[in-house]
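Participant: Sharing run-v3.cif here; it has mmCIF, C-alpha atoms.
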```
data_protein
#
loop_
_atom_site.label_atom_id
_atom_site.label_comp_id
_atom_site.auth_asym_id
_atom_site.auth_seq_id
_atom_site.Cartn_x
_atom_site.Cartn_y
_atom_site.Cartn_z
CA MET A 1 -27.45 -13.42 23.84
CA MET A 2 -30.32 -15.15 25.69
CA ASP A 3 -29.78 -18.44 27.48
CA ASP A 4 -32.44 -21.19 27.64
CA PHE A 5 -33.90 -19.84 30.84
CA GLU A 6 -34.36 -16.39 29.33
CA LYS A 7 -35.92 -17.99 26.25
CA GLN A 8 -38.36 -19.74 28.56
CA ILE A 9 -39.23 -16.40 30.18
CA LYS A 10 -39.74 -14.90 26.72
CA GLU A 11 -42.11 -17.75 25.89
CA ALA A 12 -44.01 -17.25 29.17
CA LEU A 13 -44.35 -13.56 28.31
CA ALA A 14 -45.47 -14.13 24.72
CA LYS A 15 -47.92 -11.57 23.37
CA GLN A 16 -51.61 -12.38 23.70
CA ASP A 17 -54.61 -11.00 21.90
CA PRO A 18 -57.35 -9.15 23.75
CA SER A 19 -60.97 -10.27 23.37
CA PRO A 20 -62.39 -10.07 19.82
CA PHE A 21 -64.62 -7.16 20.84
CA PHE A 22 -61.78 -5.05 22.18
CA GLU A 23 -61.10 -3.15 18.95
CA ALA A 24 -64.78 -2.31 18.41
CA ARG A 25 -65.14 -1.27 22.04
CA VAL A 26 -62.16 1.10 21.83
CA LEU A 27 -63.41 2.59 18.54
CA GLY A 28 -66.85 3.08 20.14
CA ALA A 29 -65.28 4.78 23.16
CA VAL A 30 -63.17 6.98 20.86
CA LYS A 31 -66.27 8.07 18.93
CA ARG A 32 -68.07 8.80 22.20
CA GLN A 33 -65.07 10.77 23.45
CA ALA A 34 -64.89 12.74 20.18
CA ARG A 35 -68.63 13.51 20.38
CA GLU A 36 -68.25 14.67 24.00
CA ARG A 37 -65.28 16.85 23.06
CA ARG A 38 -67.21 18.39 20.16
CA ALA A 39 -70.19 19.00 22.47
CA SER A 40 -68.01 20.63 25.13
CA LEU A 41 -66.30 22.72 22.42
CA ARG A 42 -69.72 23.86 21.16
CA MET A 43 -70.72 24.67 24.75
CA TRP A 44 -67.48 26.63 25.19
CA TRP A 45 -68.15 28.66 22.02
CA ALA A 46 -71.76 29.29 23.05
CA SER A 47 -70.60 30.49 26.48
CA ALA A 48 -67.95 32.68 24.87
CA VAL A 49 -70.52 34.23 22.47
CA VAL A 50 -72.98 34.85 25.32
CA ALA A 51 -70.22 36.40 27.44
CA MET A 52 -69.14 38.61 24.51
CA LEU A 53 -72.75 39.69 23.88
CA LEU A 54 -73.14 40.56 27.57
CA VAL A 55 -69.95 42.63 27.49
CA VAL A 56 -70.95 44.44 24.27
CA THR A 57 -74.53 45.05 25.49
CA GLY A 58 -73.29 46.20 28.89
CA SER A 59 -70.80 48.55 27.31
CA ALA A 60 -73.44 49.99 24.93
CA TRP A 61 -75.87 50.43 27.83
CA GLN A 62 -73.19 52.26 29.83
CA GLN A 63 -72.44 54.54 26.85
CA HIS A 64 -76.14 55.26 26.46
CA GLN A 65 -76.56 56.01 30.17
CA LYS A 66 -73.53 58.30 30.06
CA ALA A 67 -74.99 60.16 27.05
CA VAL A 68 -78.37 60.50 28.83
CA ARG A 69 -76.65 61.81 31.98
CA GLU A 70 -74.57 64.27 29.96
CA GLU A 71 -77.64 65.49 28.06
CA ALA A 72 -79.55 65.98 31.32
CA ALA A 73 -76.56 67.81 32.86
CA GLY A 74 -76.32 70.00 29.70
CA LYS A 75 -80.04 70.85 29.86
CA GLU A 76 -79.74 71.71 33.54
CA ALA A 77 -76.71 73.92 32.90
CA LYS A 78 -78.56 75.62 30.03
CA ALA A 79 -81.59 76.24 32.27
CA ARG A 80 -79.35 77.70 35.01
CA LEU A 81 -77.59 79.91 32.49
CA GLU A 82 -80.95 81.13 31.12
CA LEU A 83 -82.14 81.84 34.66
CA ALA A 84 -78.92 83.67 35.47
CA LEU A 85 -79.24 85.71 32.25
CA LYS A 86 -82.88 86.51 33.07
CA ILE A 87 -81.93 87.67 36.59
CA THR A 88 -79.07 89.72 35.20
CA SER A 89 -81.37 91.19 32.56
CA VAL A 90 -83.99 92.16 35.17
CA LYS A 91 -81.34 93.72 37.40
CA LEU A 92 -79.84 95.60 34.46
CA GLN A 93 -83.29 96.93 33.51
CA ARG A 94 -83.85 98.12 37.09
CA ILE A 95 -80.46 99.85 37.16
CA SER A 96 -81.14 101.33 33.72
CA ARG A 97 -84.49 102.72 34.92
CA LYS A 98 -82.82 104.22 38.03
CA VAL A 99 -80.10 105.80 35.93
CA GLU A 100 -82.69 107.28 33.54
CA GLY A 101 -84.61 108.69 36.58
CA ILE A 102 -81.61 110.59 37.92
CA MET B 103 -52.06 14.01 5.05
CA PRO B 104 -51.67 11.35 7.72
CA GLY B 105 -53.57 12.06 10.88
CA GLN B 106 -55.55 14.82 9.27
CA ALA B 107 -58.80 12.90 9.50
CA VAL B 108 -58.12 11.50 12.96
CA GLY B 109 -61.28 10.99 14.89
CA THR B 110 -63.70 11.33 12.02
CA GLU B 111 -66.27 8.58 11.64
CA THR B 112 -64.95 7.61 8.18
CA GLU B 113 -61.35 7.36 9.34
CA LEU B 114 -62.29 5.25 12.37
CA ASP B 115 -64.30 2.85 10.24
CA ASN B 116 -61.63 2.48 7.52
CA PRO B 117 -58.29 1.58 9.06
CA GLY B 118 -55.27 2.56 6.98
CA PRO B 119 -51.52 2.25 7.52
CA ARG B 120 -51.17 5.45 9.57
CA THR B 121 -54.63 6.01 10.96
CA PHE B 122 -55.79 5.62 14.51
CA ALA B 123 -57.79 2.48 13.64
CA GLY B 124 -54.75 1.03 11.83
CA VAL B 125 -52.50 1.67 14.80
CA LEU B 126 -55.13 0.24 17.17
CA ARG B 127 -55.34 -2.94 15.10
CA ALA B 128 -51.56 -3.29 14.84
CA LYS B 129 -50.66 -2.47 18.43
CA GLN B 130 -53.58 -3.80 20.48
CA SER B 131 -51.90 -7.08 21.36
CA MET B 132 -48.71 -5.27 22.42
CA VAL B 133 -50.53 -2.88 24.76
CA PHE B 134 -52.93 -5.54 26.03
CA SER B 135 -50.08 -8.01 26.70
CA ILE B 136 -48.03 -5.47 28.65
CA ALA B 137 -51.08 -4.83 30.83
CA TYR B 138 -52.07 -8.50 31.01
CA HIS B 139 -48.63 -9.82 32.01
CA PHE B 140 -48.39 -7.04 34.57
CA LEU B 141 -51.89 -7.29 36.06
CA ARG B 142 -52.74 -10.95 35.28
CA ASP B 143 -56.39 -10.01 34.90
CA ARG B 144 -57.89 -9.89 31.40
CA SER B 145 -60.66 -7.40 32.13
CA ALA B 146 -58.37 -5.05 34.07
CA ALA B 147 -55.80 -5.35 31.27
CA GLU B 148 -58.45 -4.45 28.65
CA GLU B 149 -59.58 -1.52 30.78
CA VAL B 150 -56.02 -0.18 31.03
CA ALA B 151 -55.36 -0.84 27.33
CA GLN B 152 -58.56 1.01 26.36
CA ASP B 153 -57.52 4.02 28.46
CA VAL B 154 -54.11 3.99 26.78
CA PHE B 155 -55.70 4.02 23.30
CA LEU B 156 -58.15 6.77 24.29
CA GLN B 157 -55.19 8.85 25.42
CA LEU B 158 -53.40 7.99 22.17
CA HIS B 159 -56.38 9.24 20.17
CA ARG B 160 -56.14 12.64 21.86
CA ARG B 161 -52.39 12.86 21.09
CA PHE B 162 -52.37 11.05 17.74
CA GLU B 163 -51.53 14.04 15.55
CA GLU B 164 -48.48 14.87 17.67
CA LEU B 165 -46.93 11.43 17.12
CA LYS B 166 -45.26 11.55 13.73
CA SER B 167 -43.80 8.07 13.17
CA ASP B 168 -44.64 4.44 13.95
CA GLU B 169 -41.53 4.24 16.18
CA HIS B 170 -42.73 7.25 18.13
CA VAL B 171 -46.20 5.70 18.49
CA SER B 172 -44.74 2.38 19.74
CA PHE B 173 -42.44 4.16 22.19
CA TRP B 174 -45.33 6.32 23.42
CA LEU B 175 -47.67 3.32 23.80
CA ARG B 176 -45.12 1.30 25.79
CA LYS B 177 -44.36 4.26 28.02
CA VAL B 178 -47.99 5.16 28.73
CA ALA B 179 -49.02 1.50 29.15
CA SER B 180 -46.17 0.90 31.64
CA HIS B 181 -47.01 3.94 33.73
CA ARG B 182 -50.76 3.27 33.60
CA CYS B 183 -50.26 -0.32 34.80
CA ILE B 184 -48.13 0.78 37.74
CA ASP B 185 -50.65 3.51 38.62
CA TYR B 186 -53.52 0.99 38.33
CA VAL B 187 -51.87 -1.43 40.77
CA ARG B 188 -51.04 1.37 43.22
CA LYS B 189 -54.63 2.61 43.10
CA GLN B 190 -55.94 -0.94 43.65
CA LYS B 191 -53.56 -1.38 46.57
CA SER B 192 -54.69 1.83 48.23
CA GLN B 193 -58.33 0.86 47.71
CA ALA B 194 -57.72 -2.65 49.06
CA ALA B 195 -55.71 -1.44 52.07
CA GLY B 196 -57.33 -2.93 55.12
CA GLY B 197 -59.48 -5.19 52.97
CA LEU B 198 -58.96 -8.78 51.90
CA ALA B 199 -55.69 -8.90 49.96
CA VAL B 200 -55.29 -11.60 47.32
CA SER B 201 -51.80 -12.64 46.28
CA LEU B 202 -51.18 -12.43 42.54
CA GLU B 203 -49.81 -15.95 42.73
CA ASP B 204 -53.25 -17.15 43.80
CA VAL B 205 -54.96 -15.74 40.72
CA PRO B 206 -55.75 -18.57 38.30
CA MET B 207 -54.33 -18.41 34.79
CA PRO B 208 -56.39 -19.12 31.68
CA SER B 209 -55.59 -22.37 29.94
CA VAL B 210 -52.79 -22.34 27.35
CA ASP B 211 -52.16 -24.85 24.59
CA GLY B 212 -48.78 -26.63 24.48
CA LYS B 213 -46.76 -29.35 26.15
CA PRO B 214 -47.81 -29.97 29.77
CA GLN B 215 -44.24 -29.39 31.10
CA ASP B 216 -43.89 -26.08 29.23
CA HIS B 217 -47.36 -25.13 30.30
CA PHE B 218 -46.52 -25.75 33.94
CA LEU B 219 -43.21 -23.89 33.66
CA ASN B 220 -44.82 -20.98 31.83
CA ARG B 221 -47.53 -20.68 34.47
CA ARG B 222 -44.98 -20.84 37.24
CA LEU B 223 -42.84 -18.21 35.54
CA GLN B 224 -45.85 -15.97 34.96
CA SER B 225 -46.81 -16.29 38.62
CA LEU B 226 -43.29 -15.54 39.79
CA ILE B 227 -42.96 -12.53 37.48
CA ALA B 228 -46.34 -11.28 38.70
CA SER B 229 -45.07 -11.53 42.29
CA LEU B 230 -42.16 -9.15 41.57
CA PRO B 231 -42.42 -5.55 42.80
CA GLU B 232 -44.00 -3.19 40.24
CA LYS B 233 -40.93 -1.65 38.61
CA PRO B 234 -38.83 -4.83 38.28
CA ARG B 235 -41.96 -6.58 36.96
CA MET B 236 -42.44 -3.98 34.24
CA VAL B 237 -38.71 -4.07 33.42
CA MET B 238 -38.95 -7.86 32.89
CA ILE B 239 -42.05 -7.49 30.69
CA LEU B 240 -40.45 -4.82 28.53
CA ARG B 241 -37.24 -6.88 28.25
CA TYR B 242 -38.78 -10.26 27.44
CA GLN B 243 -42.15 -9.44 25.89
CA GLU B 244 -41.06 -6.38 23.94
CA ASP B 245 -37.39 -7.37 23.39
CA LEU B 246 -36.23 -3.95 24.50
CA MET B 247 -32.59 -3.34 25.46
CA PRO B 248 -31.84 -1.95 28.95
CA GLU B 249 -31.15 1.50 27.45
CA GLU B 250 -34.58 1.54 25.76
CA ILE B 251 -36.28 0.31 28.94
CA ALA B 252 -34.54 3.09 30.87
CA THR B 253 -36.02 5.67 28.49
CA VAL B 254 -39.52 4.16 28.65
CA MET B 255 -39.48 3.80 32.44
CA GLU B 256 -37.61 7.08 33.05
CA MET B 257 -34.96 5.46 35.26
CA PRO B 258 -31.16 5.10 35.06
CA VAL B 259 -29.79 2.27 32.87
CA ARG B 260 -27.88 0.82 35.82
CA THR B 261 -31.15 0.55 37.78
CA VAL B 262 -32.73 -1.33 34.86
CA LYS B 263 -29.74 -3.70 34.67
CA SER B 264 -29.85 -4.23 38.42
CA HIS B 265 -33.60 -5.01 38.31
CA LEU B 266 -33.01 -7.49 35.48
CA GLN B 267 -30.12 -9.25 37.21
CA ARG B 268 -31.89 -9.51 40.56
CA SER B 269 -35.19 -10.61 39.04
CA LEU B 270 -33.49 -13.25 36.88
CA ALA B 271 -31.52 -14.58 39.87
CA MET B 272 -34.69 -14.74 41.97
CA LEU B 273 -36.64 -16.48 39.20
CA ARG B 274 -33.85 -19.01 38.57
CA GLU B 275 -33.62 -19.82 42.26
CA LYS B 276 -37.39 -20.23 42.70
CA ILE B 277 -37.80 -22.24 39.51
CA ASP B 278 -34.90 -24.53 40.47
CA ARG B 279 -36.46 -25.01 43.88
CA SER B 280 -39.93 -25.76 42.50
CA MET B 281 -38.51 -28.11 39.86
CA GLY B 282 -36.63 -29.88 42.68
CA ASP B 283 -39.92 -30.18 44.56
CA VAL B 284 -41.60 -31.68 41.47
CA ARG B 285 -38.74 -34.16 40.95
#
```
Could you express the structure from this file as C-alpha cells?
Facilitator:
Amino acid sequence: MMDDFEKQIKEALAKQDPSPFFEARVLGAVKRQARERRASLRMWWASAVVAMLLVVTGSAWQQHQKAVREEAAGKEAKARLELALKITSVKLQRISRKVEGI
Amino acid sequence: MPGQAVGTETELDNPGPRTFAGVLRAKQSMVFSIAYHFLRDRSAAEEVAQDVFLQLHRRFEELKSDEHVSFWLRKVASHRCIDYVRKQKSQAAGGLAVSLEDVPMPSVDGKPQDHFLNRRLQSLIASLPEKPRMVMILRYQEDLMPEEIATVMEMPVRTVKSHLQRSLAMLREKIDRSMGDVR
C-alpha cells in the first residue's frame, strides 16, 4: 500500500511521451539496419561462393596437374623400357651371332 | 504467423497487435520514460530508447508474448541507461562535471506546488546512485514489485528492498528539509 509520499513520487515519475518524430525515426533506423543486414548477408554469400569456386578450381587444377605429371612419368617409363628392351635385343642378337659362329 | 514478417517494409508501415511497429507504438513511452527519468535529458533518452528498439527488432522473433516483450524492454532499457551514464562519466572524467540537479527540467502543467514538488523529487531521484535510481524508477514508474525489479536488474530481492528503503528515507528527509526551507 502506497502512502501519500510514495504517490507523489509516482506522480513525479509519470510516463512521458517522446517527441512526435521518435516512432518514425526508429522505424527509419530499423529499415536501414535491415537493409545493411541484407547487404552484409549478400556480401557473405558472395564471399562464400567465391571461396567455394576457388577451392573447386584449385582442386581441379591440382587433379589436372597430377594427371599430367603421371602421364609424363608413364611416357618416360615407357621410353626407358623400350630403350632397355632395344639394348637387350641388340645384346641378344650379338650373343646369338656368336653362338651361331661357334 | 506473428513475427513472421518482422522487418519487412509492409509490416513496418502497417502496425498490428503483435508486430514490431505495434510494439514500438505501444511501448515507446515506457522505454523513453525509463531513460528520461534516469538520464533527465530528452535527446539522450531518445537515443537510448532508439538503441533499445533496434536491439528489440533483431530479437523480436524470439520474444513470444507481450509480457516477455515488456520484461525484455525494461531489462534492456535499465542496463542501457546505466551503461550510458557510466560511459558518459568515463568520457567526462577530468572534464567539467555538471550535477544532474543543475540540469533544468522542461515545463510541466499542473498546480504550482505539485510542480515544484515534482521537480524537486525528480532532481533528488536523479541524484541517487545509478542502481538505486533505476530501482526507484522501476518501482514507481513501472509499478513493479521488488521481486520483479530483482529479476529485471539481476540483483537479490533484499538488495532491491534495501535500495528502496534507503532511497525513500533519503528523499523524505531532503523533501522535509526543503519544504521547511520554503516555509
Participant: Could you tell me which residues the PyMOL selection byres ((chain B) within 9 of (chain A)) returns for this structure, as a ChimeraX atom specification?
Facilitator: /B:109-111,114-115,123,126-127,130-132,134-136,138-139,144,147-148,151-153,155-156,159-160,216-217,219-224,238-239,241-245,270,274
Participant: Can I get the selection written as an mmCIF file, in the coordinates of the input, with C-alpha atoms?
Facilitator:
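Writing done, so here's out-v1.cif:
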```
data_model
loop_
_atom_site.group_PDB
_atom_site.id
_atom_site.type_symbol
_atom_site.label_atom_id
_atom_site.label_comp_id
_atom_site.auth_asym_id
_atom_site.auth_seq_id
_atom_site.Cartn_x
_atom_site.Cartn_y
_atom_site.Cartn_z
ATOM 1 C CA GLY B 109 -61.280 10.990 14.890
ATOM 2 C CA THR B 110 -63.700 11.330 12.020
ATOM 3 C CA GLU B 111 -66.270 8.580 11.640
ATOM 4 C CA LEU B 114 -62.290 5.250 12.370
ATOM 5 C CA ASP B 115 -64.300 2.850 10.240
ATOM 6 C CA ALA B 123 -57.790 2.480 13.640
ATOM 7 C CA LEU B 126 -55.130 0.240 17.170
ATOM 8 C CA ARG B 127 -55.340 -2.940 15.100
ATOM 9 C CA GLN B 130 -53.580 -3.800 20.480
ATOM 10 C CA SER B 131 -51.900 -7.080 21.360
ATOM 11 C CA MET B 132 -48.710 -5.270 22.420
ATOM 12 C CA PHE B 134 -52.930 -5.540 26.030
ATOM 13 C CA SER B 135 -50.080 -8.010 26.700
ATOM 14 C CA ILE B 136 -48.030 -5.470 28.650
ATOM 15 C CA TYR B 138 -52.070 -8.500 31.010
ATOM 16 C CA HIS B 139 -48.630 -9.820 32.010
ATOM 17 C CA ARG B 144 -57.890 -9.890 31.400
ATOM 18 C CA ALA B 147 -55.800 -5.350 31.270
ATOM 19 C CA GLU B 148 -58.450 -4.450 28.650
ATOM 20 C CA ALA B 151 -55.360 -0.840 27.330
ATOM 21 C CA GLN B 152 -58.560 1.010 26.360
ATOM 22 C CA ASP B 153 -57.520 4.020 28.460
ATOM 23 C CA PHE B 155 -55.700 4.020 23.300
ATOM 24 C CA LEU B 156 -58.150 6.770 24.290
ATOM 25 C CA HIS B 159 -56.380 9.240 20.170
ATOM 26 C CA ARG B 160 -56.140 12.640 21.860
ATOM 27 C CA ASP B 216 -43.890 -26.080 29.230
ATOM 28 C CA HIS B 217 -47.360 -25.130 30.300
ATOM 29 C CA LEU B 219 -43.210 -23.890 33.660
ATOM 30 C CA ASN B 220 -44.820 -20.980 31.830
ATOM 31 C CA ARG B 221 -47.530 -20.680 34.470
ATOM 32 C CA ARG B 222 -44.980 -20.840 37.240
ATOM 33 C CA LEU B 223 -42.840 -18.210 35.540
ATOM 34 C CA GLN B 224 -45.850 -15.970 34.960
ATOM 35 C CA MET B 238 -38.950 -7.860 32.890
ATOM 36 C CA ILE B 239 -42.050 -7.490 30.690
ATOM 37 C CA ARG B 241 -37.240 -6.880 28.250
ATOM 38 C CA TYR B 242 -38.780 -10.260 27.440
ATOM 39 C CA GLN B 243 -42.150 -9.440 25.890
ATOM 40 C CA GLU B 244 -41.060 -6.380 23.940
ATOM 41 C CA ASP B 245 -37.390 -7.370 23.390
ATOM 42 C CA LEU B 270 -33.490 -13.250 36.880
ATOM 43 C CA ARG B 274 -33.850 -19.010 38.570
#
```
Participant: Which residues match the PyMOL selection byres ((chain B and resi 254-269) around 7) in the file above, as number ranges by chain?
Facilitator: B: 176-177, 234, 237-238, 248-253, 270-273
Participant: Spell out the residues picked by the PyMOL selection byres ((chain B and resi 175) around 9) here, as a list in words.
Facilitator: Lys129, Met132, Val133, Val154, Phe155, Leu158, His170, Val171, Ser172, Phe173, Trp174, Arg176, Lys177, Val178, Ala179 and Ser180 of chain B
Participant: Find the residue from B:Met247, B:Ile227, B:Gln157, B:Leu141 that sits nearest to Ile184 (chain B); use only C-alpha atoms when measuring.
Facilitator: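 Nearest to Ile184 (chain B): B:Leu141.
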Participant: Quote the spacing between CA of Asp4 (chain A) and CA of Ile277 (chain B) in Å to one decimal place.
Facilitator: 13.1 Å
